[in-house]
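These notes are about the structure you will find just below.
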Protein chains: 2
Amino acid sequence: MGAKDLEPSGERQSTSGVMEGGGYYAAHSSPQEAYGEFGFRWLEEAAGEIPLPEADRPLLVADLGAAGGGNSLEPMRRAIAAYRARDPARQVEVVHTDIPSNDFSALFKLVEGSERSYLRLPGVYSYAAGRSFYERLFPDGALFLGWSSIAVHWLSQVPEPIPDQIYPGFAAGSVREALVARSRSDWEAFLAHRAAELRPGGRLIVLGGSRRDDDVSGAEGLMTMVYESLTSLVADGSLKAEELRRMTIPTWNRTAGEFAAPFAGGPLAESLELRRRTAKVLPDAFFAAFEKTGDAAAYRDAVVGFFHAAFEPSLWSALDPGRDASNMAAIVGAFRRGLGERVAADPAAASCTWHVEILDIARR
Amino acid sequence: MGAKDLEPSGERQSTSGVMEGGGYYAAHSSPQEAYGEFGFRWLEEAAGEIPLPEADRPLLVADLGAAGGGNSLEPMRRAIAAYRARDPARQVEVVHTDIPSNDFSALFKLVEGSERSYLRLPGVYSYAAGRSFYERLFPDGALFLGWSSIAVHWLSQVPEPIPDQIYPGFAAGSVREALVARSRSDWEAFLAHRAAELRPGGRLIVLGGSRRDDDVSGAEGLMTMVYESLTSLVADGSLKAEELRRMTIPTWNRTAGEFAAPFAGGPLAESLELRRRTAKVLPDAFFAAFEKTGDAAAYRDAVVGFFHAAFEPSLWSALDPGRDASNMAAIVGAFRRGLGERVAADPAAASCTWHVEILDIARR
């Protein structure tokens with residue numbers, strides 16, 4: 001699947017009726033973690049170059065679009081360690097952000113309890129902000145270092161449903177144009193707010209789910225199986241056609257050009273500099289394991305579990321509100337069985353290639 | 001009921017299986033809000049006297065033990081307004097704290113969405129810390145103003161179950177001595193951490209649920225009805241005796257003397273000054289309404305709803321983990337019916353008198 005689909009942050013809808021909390025996402029997001037590693041080195045380098053806070057003011061670091069925090073512990077630990085090589089006694093405040101419906105209890109329990117947590121370092125404090133990163137999150141000039149891993153592909157909203165598909169990558173014509181426009185305005189809003197928040201010399205490392213210039217994101221095969229699984233539920237009467245019509249995964253994988261455009265000129269380019277960028281491609285780790293072991297059941301369960309954690313909430317939020325819990329559970333179960341059968345029947349077609357654009361941005 | 005019982009903060013257990021989120025607590029905590037008003041004036045006065053942050057550093061304000069945030073909006077709004085009378089352009093960061101299992105989504109949705117929210121003020125930012133206030137929450141000297149309303153009566157843990165009762169106020173002998181010792185060490189830990197966090201000249205207003213010097217908290221009548229309701233569930237076989245034995249509401253209402261003791265001498269007195277304190281007593285607003293209207297059903301529902309929001313989670317966390325959701329719902333329903341019948345049968349006996357100690361504490 002495309003990197004666009006990696007993390008349930010941004011503006012996903014609340015679906016407390018069908019989405020597991022308690023760390024389910026953190027336990028099923030290893031592809032995201034593999035991607036994150038590509039950015040760790042740049043994050044550490046940025047942490048070594050940002051300005052020092054005045055006097056005894058703590059260093060403020062943001063983790064933008066944290067979800068359950070499973071992929072946040074290691075980059076935060078590395079950033080703090082890299083910064084403290086220069087300024088060992090500095091107190092540090094880490095703020096994990098996500099939308100209000102995020103499971104912040106799971107996040108706090110992980111950050112507080114994990115042996116891998118950066119909170120094992122002395123003089124470090126952890127907080128959360130329950131607000132979209134398409135809005136202001138921090139005071140003027142208060143932020144020294146920011147990190148956002150596979151989160152900015154979640155749009156603030158989808159302009160309209162995608163005809164006969166749930167995946168925006170398949171959109172065409174005016175629907176596609178509206179998605180491109182929304183993607184552009186969201187990205188510009190994200191950058192404009194960070195420009196106001198970052199201290200001059202402050203840095204922001206963004207790992208963004210991307211697509212190739214020929215518009216391939218790498219998730220097309222799996223997303224086709226997902227749509228087929230849903231249409232078969234409509235065919236047998238368990239899902240309404242109107243519910244399927246409303247279902248959309250509200251993401252957009254930007255091209256390298258779409259990511260870079262705001263830095264080429266205009267007001268954002270006056271305050272933000274794109275110091276460097278690079279593209280990374282990662283093959284599907286689940287499929288690689290399957291090729292090694294031949295265990296189709298394990299592959300099926302891994303892919304279905306990943307889709308569940310990352311994207312199902314976007315689908316089930318479109319169900320009629322009148323459906324009760326047992327009815328919803330039946331639909332969800334039938335969907336997972338149908339998707340699992342399709343994945344097991346054609347493992348190669350379900351495999352995804354992950355494209356990520358890594359950006360190192362500085363506040364001038 | 002005693003003020004000890006006002007807010008599900010501190011170290012209450014997670015009980016996601018039976019406790020409503022989504023603002024249920026905020027909608028059923030008007031007694032807490034009535035108490036809070038007693039402290040608003042002192043909070044505003046403190047906000048007018050704290051030191052100004054250096055340069056463009058934001059003012060950090062803490063709301064310690066926020067629960068759903070329903071009682072936090074007004075004091076935070078007033079504190080910011082009072083501070084800005086002196087320093088109008090200062091940016092402000094408000095951090096709401098509670099234990100990790102708190103419903104932070106409900107808190108963020110309320111703070112973001114309420115028309116009454118202090119976030120309507122310009123240049124104000126809101127965060128959460130998911131950690132007990134018996135631990136460190138903020139960097140050294142980073143905190144300028146703190147507020148804690150009806151939260152410090154929640155103990156970090158209860159040393160042992162209360163024999164033949166669920167309410168610590170009924171404890172005697174060595175069980176009582178252990179509770180007093182725990183209450184003392186928790187209060188000293190709370191103050192020691194705040195002493196490290198507060199900027200010299202910073203202030204902390206604490207509204208603490210208290211008891212009279214003759215050991216009456218004012219909740220004894222209702223808590224007796226609660227215990228009777230639970231024992232009748234044991235009698236009819238729906239609750240196990242062992243489950244009831246484990247049930248404890250982990251609170252302790254301190255006397256004025258217990259609140260004041262750490263300021264009289266010793267290490268805490270070197271860094272913290274108790275500038276003033278006062279005691280407030282408030283009659284039961286639900287009972288006052290009942291006396292006016294004679295509506296026993298409304299009174300019953302208000303008392304049962306209040307107990308549910310504030311204390312039920314502490315009880316149901318003691319149920320056997322093997323019980324399924326429908327079984328737990330049956331127990332909870334039977335308990336509420338039984339408590340409601342007892343409240344309606346003797347409204348005066350169920351009514352509570354609220355005792356609150358208000359403390360104005362300064363960092364030397």
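In the structure tokens, chains take the letters A, B, ... in the order shown, each chain's residues start at 1, and ligands count up from 1 in the order shown.
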Next on the checklist: Can you tell me, as a PyMOL selection string, which residues in region 40-129 of chain B count as alpha helix (DSSP H) by DSSP?
Outcome noted: chain B and resi 40-47+73-84+104-113
Next on the checklist: Would you mind listing, as an NGL selection string, all residues of chain B that have at least one atom within 10 Å of chain A, where only C-alpha atoms are what counts?
Outcome noted: :B and (54-58 or 90-93 or 95-97 or 99-112 or 123-131 or 136-142)
Let me see the file: selected residues, C-alpha atoms, as a PDB file, in the first residue's frame.
```
ATOM      1  CA  GLU B  54      11.337  36.860  30.701  1.00  0.00           C
ATOM      2  CA  ALA B  55      11.335  38.180  27.114  1.00  0.00           C
ATOM      3  CA  ASP B  56       8.798  36.411  24.905  1.00  0.00           C
ATOM      4  CA  ARG B  57       8.572  33.278  27.002  1.00  0.00           C
ATOM      5  CA  PRO B  58       4.931  32.177  27.354  1.00  0.00           C
ATOM      6  CA  ARG B  90       1.712  37.631  26.846  1.00  0.00           C
ATOM      7  CA  GLN B  91       1.159  34.255  25.192  1.00  0.00           C
ATOM      8  CA  VAL B  92      -0.229  31.648  27.569  1.00  0.00           C
ATOM      9  CA  GLU B  93       0.098  27.864  27.721  1.00  0.00           C
ATOM     10  CA  VAL B  95      -1.692  22.367  30.691  1.00  0.00           C
ATOM     11  CA  HIS B  96      -4.500  20.181  32.034  1.00  0.00           C
ATOM     12  CA  THR B  97      -3.168  17.218  33.982  1.00  0.00           C
ATOM     13  CA  ILE B  99      -3.761  10.246  35.117  1.00  0.00           C
ATOM     14  CA  PRO B 100      -3.210   8.428  31.795  1.00  0.00           C
ATOM     15  CA  SER B 101      -6.595   6.642  31.876  1.00  0.00           C
ATOM     16  CA  ASN B 102      -8.464   9.962  31.969  1.00  0.00           C
ATOM     17  CA  ASP B 103     -10.718  10.681  28.974  1.00  0.00           C
ATOM     18  CA  PHE B 104      -8.471  13.250  27.305  1.00  0.00           C
ATOM     19  CA  SER B 105     -10.523  13.201  24.101  1.00  0.00           C
ATOM     20  CA  ALA B 106     -13.533  14.475  26.038  1.00  0.00           C
ATOM     21  CA  LEU B 107     -11.307  17.101  27.642  1.00  0.00           C
ATOM     22  CA  PHE B 108      -9.856  18.316  24.345  1.00  0.00           C
ATOM     23  CA  LYS B 109     -13.239  18.343  22.623  1.00  0.00           C
ATOM     24  CA  LEU B 110     -14.675  20.464  25.412  1.00  0.00           C
ATOM     25  CA  VAL B 111     -11.759  22.889  25.549  1.00  0.00           C
ATOM     26  CA  GLU B 112     -11.686  23.187  21.746  1.00  0.00           C
ATOM     27  CA  GLY B 123      -2.658  33.783  22.003  1.00  0.00           C
ATOM     28  CA  VAL B 124      -3.675  30.965  24.341  1.00  0.00           C
ATOM     29  CA  TYR B 125      -2.679  27.324  23.786  1.00  0.00           C
ATOM     30  CA  SER B 126      -3.956  24.203  25.472  1.00  0.00           C
ATOM     31  CA  TYR B 127      -2.205  20.934  26.298  1.00  0.00           C
ATOM     32  CA  ALA B 128      -2.562  17.891  28.518  1.00  0.00           C
ATOM     33  CA  ALA B 129      -0.188  15.919  30.699  1.00  0.00           C
ATOM     34  CA  GLY B 130      -1.175  12.286  31.262  1.00  0.00           C
ATOM     35  CA  ARG B 131       0.535  11.648  34.548  1.00  0.00           C
ATOM     36  CA  ARG B 136       6.837  15.544  38.441  1.00  0.00           C
ATOM     37  CA  LEU B 137       4.883  17.222  35.650  1.00  0.00           C
ATOM     38  CA  PHE B 138       6.877  20.311  34.624  1.00  0.00           C
ATOM     39  CA  PRO B 139      10.500  21.416  34.249  1.00  0.00           C
ATOM     40  CA  ASP B 140      12.289  23.141  37.120  1.00  0.00           C
ATOM     41  CA  GLY B 141      10.933  26.617  37.675  1.00  0.00           C
ATOM     42  CA  ALA B 142       8.734  26.533  34.564  1.00  0.00           C
TER      43      ALA B 142
END
```
Next on the checklist: Using Å and a single decimal, report how far CA of His193 (chain A) sits from CA of Ala82 (chain A).
Outcome noted: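 Value for the CA of Ala82 (chain A)-CA of His193 (chain A) distance: 25.5 Å.
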Checklist entry - Expressed in Å to a single decimal, how great is the separation between CA of Ala67 (chain B) and CA of Asp186 (chain B)? => result 18.7 Å
Next on the checklist: Give me the residues near Arg337 (chain A) as JSON, numbers by chain, where near means some atom within 9 Å (using only C-alpha atoms) and where sequence neighbours in that chain fewer than 5 positions away do not count.
Outcome noted: {"A": [229, 304, 332, 342]}
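Residues in contact with Leu233 (chain A) at 12 Å, where only C-alpha atoms are counted and same-chain residues fewer than 2 positions away are skipped, are listed as A:Val226, A:Tyr227, A:Glu228, A:Ser229, A:Leu230, A:Thr231, A:Ala235, A:Asp236, A:Gly237, A:Ser238, A:Leu239, A:Lys240, A:Ala241, A:Glu243, A:Leu244, A:Ala330, A:Ile331, A:Val332, A:Gly333, A:Ala334, A:Phe335, A:Arg336, A:Arg337, A:Gly338, A:Leu339.
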Item to check | region 277-280 of chain B surroundings by only C-alpha atoms, 9 Å radius, close-in-sequence under 6 positions cut, as a ChimeraX atom specification | outcome: /B:35,38,210,256,260,354-361
Can I get the selection written as an mmCIF file, in the first residue's frame, with all heavy atoms?
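Wrote part.cif, looks like this:
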```cif
data_model
loop_
_atom_site.group_PDB
_atom_site.id
_atom_site.type_symbol
_atom_site.label_atom_id
_atom_site.label_comp_id
_atom_site.auth_asym_id
_atom_site.auth_seq_id
_atom_site.Cartn_x
_atom_site.Cartn_y
_atom_site.Cartn_z
ATOM 1 N N TYR B 35 -18.243 24.650 44.087
ATOM 2 C CA TYR B 35 -17.125 24.821 44.982
ATOM 3 C C TYR B 35 -16.020 25.662 44.391
ATOM 4 O O TYR B 35 -15.405 26.486 45.051
ATOM 5 C CB TYR B 35 -16.584 23.448 45.388
ATOM 6 C CG TYR B 35 -17.056 23.160 46.750
ATOM 7 C CD1 TYR B 35 -18.215 22.448 46.939
ATOM 8 C CD2 TYR B 35 -16.407 23.715 47.842
ATOM 9 C CE1 TYR B 35 -18.709 22.244 48.198
ATOM 10 C CE2 TYR B 35 -16.902 23.517 49.099
ATOM 11 C CZ TYR B 35 -18.058 22.780 49.280
ATOM 12 O OH TYR B 35 -18.538 22.604 50.535
ATOM 13 N N PHE B 38 -15.565 29.474 44.863
ATOM 14 C CA PHE B 38 -14.973 30.066 46.056
ATOM 15 C C PHE B 38 -13.512 30.422 45.828
ATOM 16 O O PHE B 38 -12.982 31.324 46.454
ATOM 17 C CB PHE B 38 -15.077 29.107 47.233
ATOM 18 C CG PHE B 38 -16.464 28.982 47.770
ATOM 19 C CD1 PHE B 38 -17.103 27.765 47.810
ATOM 20 C CD2 PHE B 38 -17.131 30.102 48.242
ATOM 21 C CE1 PHE B 38 -18.386 27.643 48.317
ATOM 22 C CE2 PHE B 38 -18.424 29.994 48.743
ATOM 23 C CZ PHE B 38 -19.050 28.761 48.774
ATOM 24 N N SER B 210 -12.324 18.444 52.231
ATOM 25 C CA SER B 210 -11.827 18.358 53.606
ATOM 26 C C SER B 210 -12.856 17.711 54.529
ATOM 27 O O SER B 210 -13.977 17.403 54.121
ATOM 28 C CB SER B 210 -11.454 19.758 54.107
ATOM 29 O OG SER B 210 -12.608 20.574 54.159
ATOM 30 N N ALA B 256 -8.257 20.640 58.156
ATOM 31 C CA ALA B 256 -7.490 21.869 57.944
ATOM 32 C C ALA B 256 -6.063 21.696 58.473
ATOM 33 O O ALA B 256 -5.100 22.143 57.841
ATOM 34 C CB ALA B 256 -8.188 23.038 58.639
ATOM 35 N N ALA B 260 -2.469 21.961 56.472
ATOM 36 C CA ALA B 260 -1.522 23.024 56.824
ATOM 37 C C ALA B 260 -0.189 22.490 57.336
ATOM 38 O O ALA B 260 0.826 23.213 57.303
ATOM 39 C CB ALA B 260 -2.153 23.936 57.880
ATOM 40 N N TRP B 354 -20.849 19.733 52.001
ATOM 41 C CA TRP B 354 -19.536 19.771 51.349
ATOM 42 C C TRP B 354 -18.591 20.681 52.109
ATOM 43 O O TRP B 354 -18.874 21.856 52.320
ATOM 44 C CB TRP B 354 -19.674 20.319 49.922
ATOM 45 C CG TRP B 354 -20.713 19.619 49.102
ATOM 46 C CD1 TRP B 354 -22.058 19.755 49.196
ATOM 47 C CD2 TRP B 354 -20.473 18.681 48.052
ATOM 48 N NE1 TRP B 354 -22.683 18.960 48.276
ATOM 49 C CE2 TRP B 354 -21.732 18.291 47.566
ATOM 50 C CE3 TRP B 354 -19.326 18.139 47.485
ATOM 51 C CZ2 TRP B 354 -21.869 17.374 46.531
ATOM 52 C CZ3 TRP B 354 -19.470 17.238 46.454
ATOM 53 C CH2 TRP B 354 -20.724 16.861 45.994
ATOM 54 N N HIS B 355 -17.447 20.123 52.446
ATOM 55 C CA HIS B 355 -16.418 20.912 53.136
ATOM 56 C C HIS B 355 -15.217 21.056 52.216
ATOM 57 O O HIS B 355 -14.724 20.052 51.686
ATOM 58 C CB HIS B 355 -15.975 20.204 54.419
ATOM 59 C CG HIS B 355 -17.090 19.985 55.388
ATOM 60 N ND1 HIS B 355 -17.441 20.918 56.338
ATOM 61 C CD2 HIS B 355 -17.966 18.962 55.534
ATOM 62 C CE1 HIS B 355 -18.464 20.469 57.039
ATOM 63 N NE2 HIS B 355 -18.807 19.279 56.563
ATOM 64 N N VAL B 356 -14.772 22.286 52.035
ATOM 65 C CA VAL B 356 -13.612 22.531 51.175
ATOM 66 C C VAL B 356 -12.651 23.467 51.881
ATOM 67 O O VAL B 356 -13.064 24.472 52.465
ATOM 68 C CB VAL B 356 -14.038 23.134 49.820
ATOM 69 C CG1 VAL B 356 -12.804 23.544 49.013
ATOM 70 C CG2 VAL B 356 -14.868 22.137 49.025
ATOM 71 N N GLU B 357 -11.386 23.102 51.806
ATOM 72 C CA GLU B 357 -10.321 23.963 52.323
ATOM 73 C C GLU B 357 -9.675 24.642 51.118
ATOM 74 O O GLU B 357 -9.311 23.968 50.147
ATOM 75 C CB GLU B 357 -9.291 23.105 53.072
ATOM 76 C CG GLU B 357 -8.253 23.865 53.829
ATOM 77 C CD GLU B 357 -8.771 24.423 55.159
ATOM 78 O OE1 GLU B 357 -9.930 24.138 55.541
ATOM 79 O OE2 GLU B 357 -8.018 25.164 55.807
ATOM 80 N N ILE B 358 -9.576 25.959 51.163
ATOM 81 C CA ILE B 358 -8.959 26.691 50.050
ATOM 82 C C ILE B 358 -7.612 27.222 50.521
ATOM 83 O O ILE B 358 -7.526 27.879 51.566
ATOM 84 C CB ILE B 358 -9.863 27.841 49.570
ATOM 85 C CG1 ILE B 358 -11.257 27.289 49.246
ATOM 86 C CG2 ILE B 358 -9.248 28.516 48.335
ATOM 87 C CD1 ILE B 358 -12.233 28.330 48.754
ATOM 88 N N LEU B 359 -6.568 26.909 49.749
ATOM 89 C CA LEU B 359 -5.197 27.256 50.125
ATOM 90 C C LEU B 359 -4.574 28.132 49.048
ATOM 91 O O LEU B 359 -4.671 27.825 47.857
ATOM 92 C CB LEU B 359 -4.354 25.983 50.270
ATOM 93 C CG LEU B 359 -4.933 24.857 51.137
ATOM 94 C CD1 LEU B 359 -4.040 23.614 51.015
ATOM 95 C CD2 LEU B 359 -5.037 25.284 52.586
ATOM 96 N N ASP B 360 -3.919 29.196 49.485
ATOM 97 C CA ASP B 360 -3.170 30.069 48.572
ATOM 98 C C ASP B 360 -1.696 29.899 48.926
ATOM 99 O O ASP B 360 -1.250 30.342 49.989
ATOM 100 C CB ASP B 360 -3.634 31.520 48.741
ATOM 101 C CG ASP B 360 -2.895 32.478 47.827
ATOM 102 O OD1 ASP B 360 -1.950 32.062 47.120
ATOM 103 O OD2 ASP B 360 -3.272 33.673 47.830
ATOM 104 N N ILE B 361 -0.959 29.237 48.051
ATOM 105 C CA ILE B 361 0.420 28.823 48.322
ATOM 106 C C ILE B 361 1.354 29.581 47.396
ATOM 107 O O ILE B 361 1.092 29.691 46.188
ATOM 108 C CB ILE B 361 0.557 27.297 48.097
ATOM 109 C CG1 ILE B 361 -0.400 26.530 49.027
ATOM 110 C CG2 ILE B 361 2.005 26.839 48.276
ATOM 111 C CD1 ILE B 361 -0.645 25.092 48.613
#
```
Next on the checklist: Show me, as JSON, numbers by chain, the residues that have an atom within 9 Å of Pro200 (chain A) when counting only C-alpha atoms, minus same-chain residues fewer than 4 positions from it.
Outcome noted: {"A": [50, 51, 141, 144, 195, 271, 362, 363, 364]}
Could the residues in this selection be written to a file with N, CA, C and O atoms, as a JSON list (two decimals), in the first residue's frame?
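Result saved to part30.json:
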```json
[["chain", "number", "residue", "atom", "x", "y", "z"],
["A", 50, "ILE", "N", 20.05, 23.37, 15.80],
["A", 50, "ILE", "CA", 19.07, 24.38, 16.20],
["A", 50, "ILE", "C", 19.67, 25.31, 17.25],
["A", 50, "ILE", "O", 20.62, 24.96, 17.94],
["A", 51, "PRO", "N", 19.10, 26.51, 17.38],
["A", 51, "PRO", "CA", 19.63, 27.44, 18.40],
["A", 51, "PRO", "C", 19.34, 26.94, 19.81],
["A", 51, "PRO", "O", 18.45, 26.12, 20.03],
["A", 141, "GLY", "N", 7.06, 31.48, 17.83],
["A", 141, "GLY", "CA", 8.49, 31.31, 18.05],
["A", 141, "GLY", "C", 8.86, 30.38, 19.19],
["A", 141, "GLY", "O", 10.00, 30.40, 19.65],
["A", 144, "PHE", "N", 11.33, 24.68, 18.78],
["A", 144, "PHE", "CA", 12.71, 24.58, 18.32],
["A", 144, "PHE", "C", 12.90, 23.47, 17.31],
["A", 144, "PHE", "O", 13.74, 23.57, 16.42],
["A", 195, "ALA", "N", 5.63, 27.82, 10.44],
["A", 195, "ALA", "CA", 6.50, 28.98, 10.26],
["A", 195, "ALA", "C", 6.30, 29.99, 11.39],
["A", 195, "ALA", "O", 7.25, 30.61, 11.87],
["A", 271, "SER", "N", 9.82, 32.66, 4.81],
["A", 271, "SER", "CA", 10.12, 32.28, 6.19],
["A", 271, "SER", "C", 10.64, 30.86, 6.34],
["A", 271, "SER", "O", 11.24, 30.54, 7.35],
["A", 362, "ALA", "N", 13.88, 24.46, 7.41],
["A", 362, "ALA", "CA", 14.41, 25.37, 8.42],
["A", 362, "ALA", "C", 13.61, 26.67, 8.43],
["A", 362, "ALA", "O", 13.21, 27.18, 7.39],
["A", 363, "ARG", "N", 13.40, 27.19, 9.65],
["A", 363, "ARG", "CA", 12.82, 28.53, 9.80],
["A", 363, "ARG", "C", 13.95, 29.53, 9.60],
["A", 363, "ARG", "O", 14.97, 29.48, 10.28],
["A", 364, "ARG", "N", 13.77, 30.44, 8.62],
["A", 364, "ARG", "CA", 14.82, 31.42, 8.34],
["A", 364, "ARG", "C", 14.99, 32.40, 9.49],
["A", 364, "ARG", "O", 14.07, 32.66, 10.22]]
```
Checklist entry - Got a sec to tell me which of region 112-269 of chain A DSSP assigns to strand (DSSP E), as a PyMOL selection string? => result chain A and resi 124-130+143-149+198-209
Using only C-alpha atoms, determine which residues lie at most 6 Å from region 145-155 of chain B, disregarding the query and same-chain residues fewer than 5 positions distant; provide the list as a compact mmCIF listing (two decimals) with all heavy atoms, in the first residue's frame.
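The resulting file, selection-v2.txt, is reproduced below:
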```txt
# COMPACT_ATOMS: atom_id res chain seq x y z
N LYS B 4 -14.58 15.15 49.79
CA LYS B 4 -13.59 14.15 49.41
C LYS B 4 -13.99 13.42 48.15
O LYS B 4 -13.20 12.79 47.50
CB LYS B 4 -13.41 13.11 50.52
CG LYS B 4 -14.68 12.33 50.85
CD LYS B 4 -14.40 11.26 51.89
CE LYS B 4 -14.01 11.86 53.21
NZ LYS B 4 -15.13 12.50 53.93
N GLU B 7 -14.33 14.49 42.73
CA GLU B 7 -13.80 14.46 41.37
C GLU B 7 -12.98 13.20 41.12
O GLU B 7 -12.16 12.82 41.94
CB GLU B 7 -12.92 15.70 41.12
CG GLU B 7 -12.73 15.98 39.66
CD GLU B 7 -12.49 17.45 39.43
OE1 GLU B 7 -12.98 18.29 40.21
OE2 GLU B 7 -11.84 17.78 38.45
N SER B 9 -10.29 12.22 39.85
CA SER B 9 -8.93 12.46 39.37
C SER B 9 -7.98 11.65 40.23
O SER B 9 -8.35 10.66 40.80
CB SER B 9 -8.63 13.95 39.45
OG SER B 9 -9.60 14.67 38.75
N GLY B 10 -6.75 12.14 40.33
CA GLY B 10 -5.80 11.43 41.16
C GLY B 10 -5.56 10.04 40.60
O GLY B 10 -5.33 9.87 39.42
N VAL B 61 0.56 27.90 32.81
CA VAL B 61 -0.46 27.74 33.85
C VAL B 61 -0.88 26.28 33.89
O VAL B 61 -1.10 25.67 32.84
CB VAL B 61 -1.69 28.63 33.55
CG1 VAL B 61 -2.75 28.47 34.64
CG2 VAL B 61 -1.28 30.09 33.40
N ALA B 62 -1.00 25.71 35.08
CA ALA B 62 -1.39 24.30 35.21
C ALA B 62 -2.74 24.16 35.87
O ALA B 62 -3.06 24.87 36.83
CB ALA B 62 -0.34 23.54 36.04
N ASP B 63 -3.52 23.23 35.34
CA ASP B 63 -4.80 22.83 35.92
C ASP B 63 -4.64 21.38 36.36
O ASP B 63 -4.66 20.46 35.53
CB ASP B 63 -5.89 22.99 34.85
CG ASP B 63 -7.23 22.42 35.29
OD1 ASP B 63 -7.56 22.54 36.48
OD2 ASP B 63 -7.94 21.86 34.42
N LEU B 64 -4.43 21.18 37.65
CA LEU B 64 -3.95 19.90 38.17
C LEU B 64 -5.11 19.00 38.59
O LEU B 64 -5.81 19.28 39.57
CB LEU B 64 -3.02 20.16 39.36
CG LEU B 64 -1.79 21.01 39.01
CD1 LEU B 64 -1.32 21.82 40.22
CD2 LEU B 64 -0.66 20.13 38.49
N GLY B 65 -5.32 17.91 37.87
CA GLY B 65 -6.45 17.02 38.14
C GLY B 65 -7.69 17.49 37.42
O GLY B 65 -8.72 17.78 38.02
N GLY B 202 5.87 32.30 42.06
CA GLY B 202 4.72 31.62 41.46
C GLY B 202 3.71 31.20 42.52
O GLY B 202 4.05 31.10 43.70
N ARG B 203 2.50 30.96 42.10
CA ARG B 203 1.43 30.68 43.07
C ARG B 203 0.63 29.45 42.68
O ARG B 203 0.54 29.10 41.50
CB ARG B 203 0.50 31.89 43.18
CG ARG B 203 1.18 33.13 43.72
CD ARG B 203 1.14 33.19 45.24
NE ARG B 203 -0.12 33.73 45.68
CZ ARG B 203 -0.41 35.03 45.70
NH1 ARG B 203 0.48 35.92 45.30
NH2 ARG B 203 -1.58 35.44 46.13
N LEU B 204 0.04 28.88 43.72
CA LEU B 204 -0.74 27.66 43.55
C LEU B 204 -1.99 27.78 44.43
O LEU B 204 -1.88 27.97 45.64
CB LEU B 204 0.11 26.46 44.00
CG LEU B 204 -0.55 25.08 44.10
CD1 LEU B 204 -1.00 24.61 42.73
CD2 LEU B 204 0.44 24.08 44.70
N ILE B 205 -3.14 27.70 43.80
CA ILE B 205 -4.41 27.72 44.54
C ILE B 205 -4.97 26.31 44.55
O ILE B 205 -5.19 25.72 43.49
CB ILE B 205 -5.43 28.68 43.90
CG1 ILE B 205 -4.83 30.08 43.71
CG2 ILE B 205 -6.71 28.73 44.74
CD1 ILE B 205 -4.50 30.81 44.98
N VAL B 206 -5.17 25.78 45.76
CA VAL B 206 -5.70 24.42 45.90
C VAL B 206 -7.04 24.46 46.61
O VAL B 206 -7.15 25.04 47.69
CB VAL B 206 -4.72 23.52 46.70
CG1 VAL B 206 -5.35 22.14 46.95
CG2 VAL B 206 -3.40 23.38 45.96
N LEU B 207 -8.04 23.88 45.99
CA LEU B 207 -9.33 23.66 46.64
C LEU B 207 -9.38 22.18 46.99
O LEU B 207 -9.45 21.32 46.09
CB LEU B 207 -10.49 24.01 45.72
CG LEU B 207 -10.83 25.49 45.56
CD1 LEU B 207 -9.69 26.25 44.93
CD2 LEU B 207 -12.11 25.66 44.74
N GLY B 208 -9.29 21.88 48.27
CA GLY B 208 -9.18 20.48 48.68
C GLY B 208 -10.42 20.02 49.44
O GLY B 208 -10.85 20.69 50.38
N GLY B 209 -10.96 18.88 49.06
CA GLY B 209 -12.06 18.30 49.82
C GLY B 209 -11.58 18.00 51.23
O GLY B 209 -10.55 17.36 51.40
N PRO B 250 -10.90 5.41 46.69
CA PRO B 250 -9.55 5.74 47.18
C PRO B 250 -9.35 7.23 47.45
O PRO B 250 -8.57 7.91 46.78
CB PRO B 250 -8.64 5.24 46.05
CG PRO B 250 -9.47 5.42 44.81
CD PRO B 250 -10.90 5.16 45.23
N THR B 251 -10.09 7.73 48.42
CA THR B 251 -10.02 9.16 48.74
C THR B 251 -9.75 9.35 50.22
O THR B 251 -9.99 8.46 51.04
CB THR B 251 -11.35 9.85 48.40
OG1 THR B 251 -12.40 9.24 49.17
CG2 THR B 251 -11.67 9.74 46.92
N TRP B 252 -9.29 10.51 50.56
CA TRP B 252 -9.12 10.89 51.97
C TRP B 252 -9.30 12.40 52.07
O TRP B 252 -8.55 13.15 51.45
CB TRP B 252 -7.76 10.49 52.51
CG TRP B 252 -7.63 10.72 53.99
CD1 TRP B 252 -6.98 11.73 54.61
CD2 TRP B 252 -8.24 9.92 55.00
NE1 TRP B 252 -7.11 11.61 55.97
CE2 TRP B 252 -7.89 10.50 56.25
CE3 TRP B 252 -9.04 8.78 55.02
CZ2 TRP B 252 -8.31 9.97 57.46
CZ3 TRP B 252 -9.46 8.25 56.23
CH2 TRP B 252 -9.08 8.85 57.45
N ASN B 253 -10.32 12.80 52.83
CA ASN B 253 -10.53 14.23 53.07
C ASN B 253 -9.69 14.65 54.25
O ASN B 253 -9.87 14.15 55.37
CB ASN B 253 -12.00 14.49 53.38
CG ASN B 253 -12.85 14.50 52.13
OD1 ASN B 253 -12.44 13.99 51.09
ND2 ASN B 253 -14.01 15.09 52.24
```
Next on the checklist: Just the number, please: distance in Å from CA of Pro262 (chain A) to CA of Ser183 (chain A), one decimal.
Outcome noted: 12.1 Å
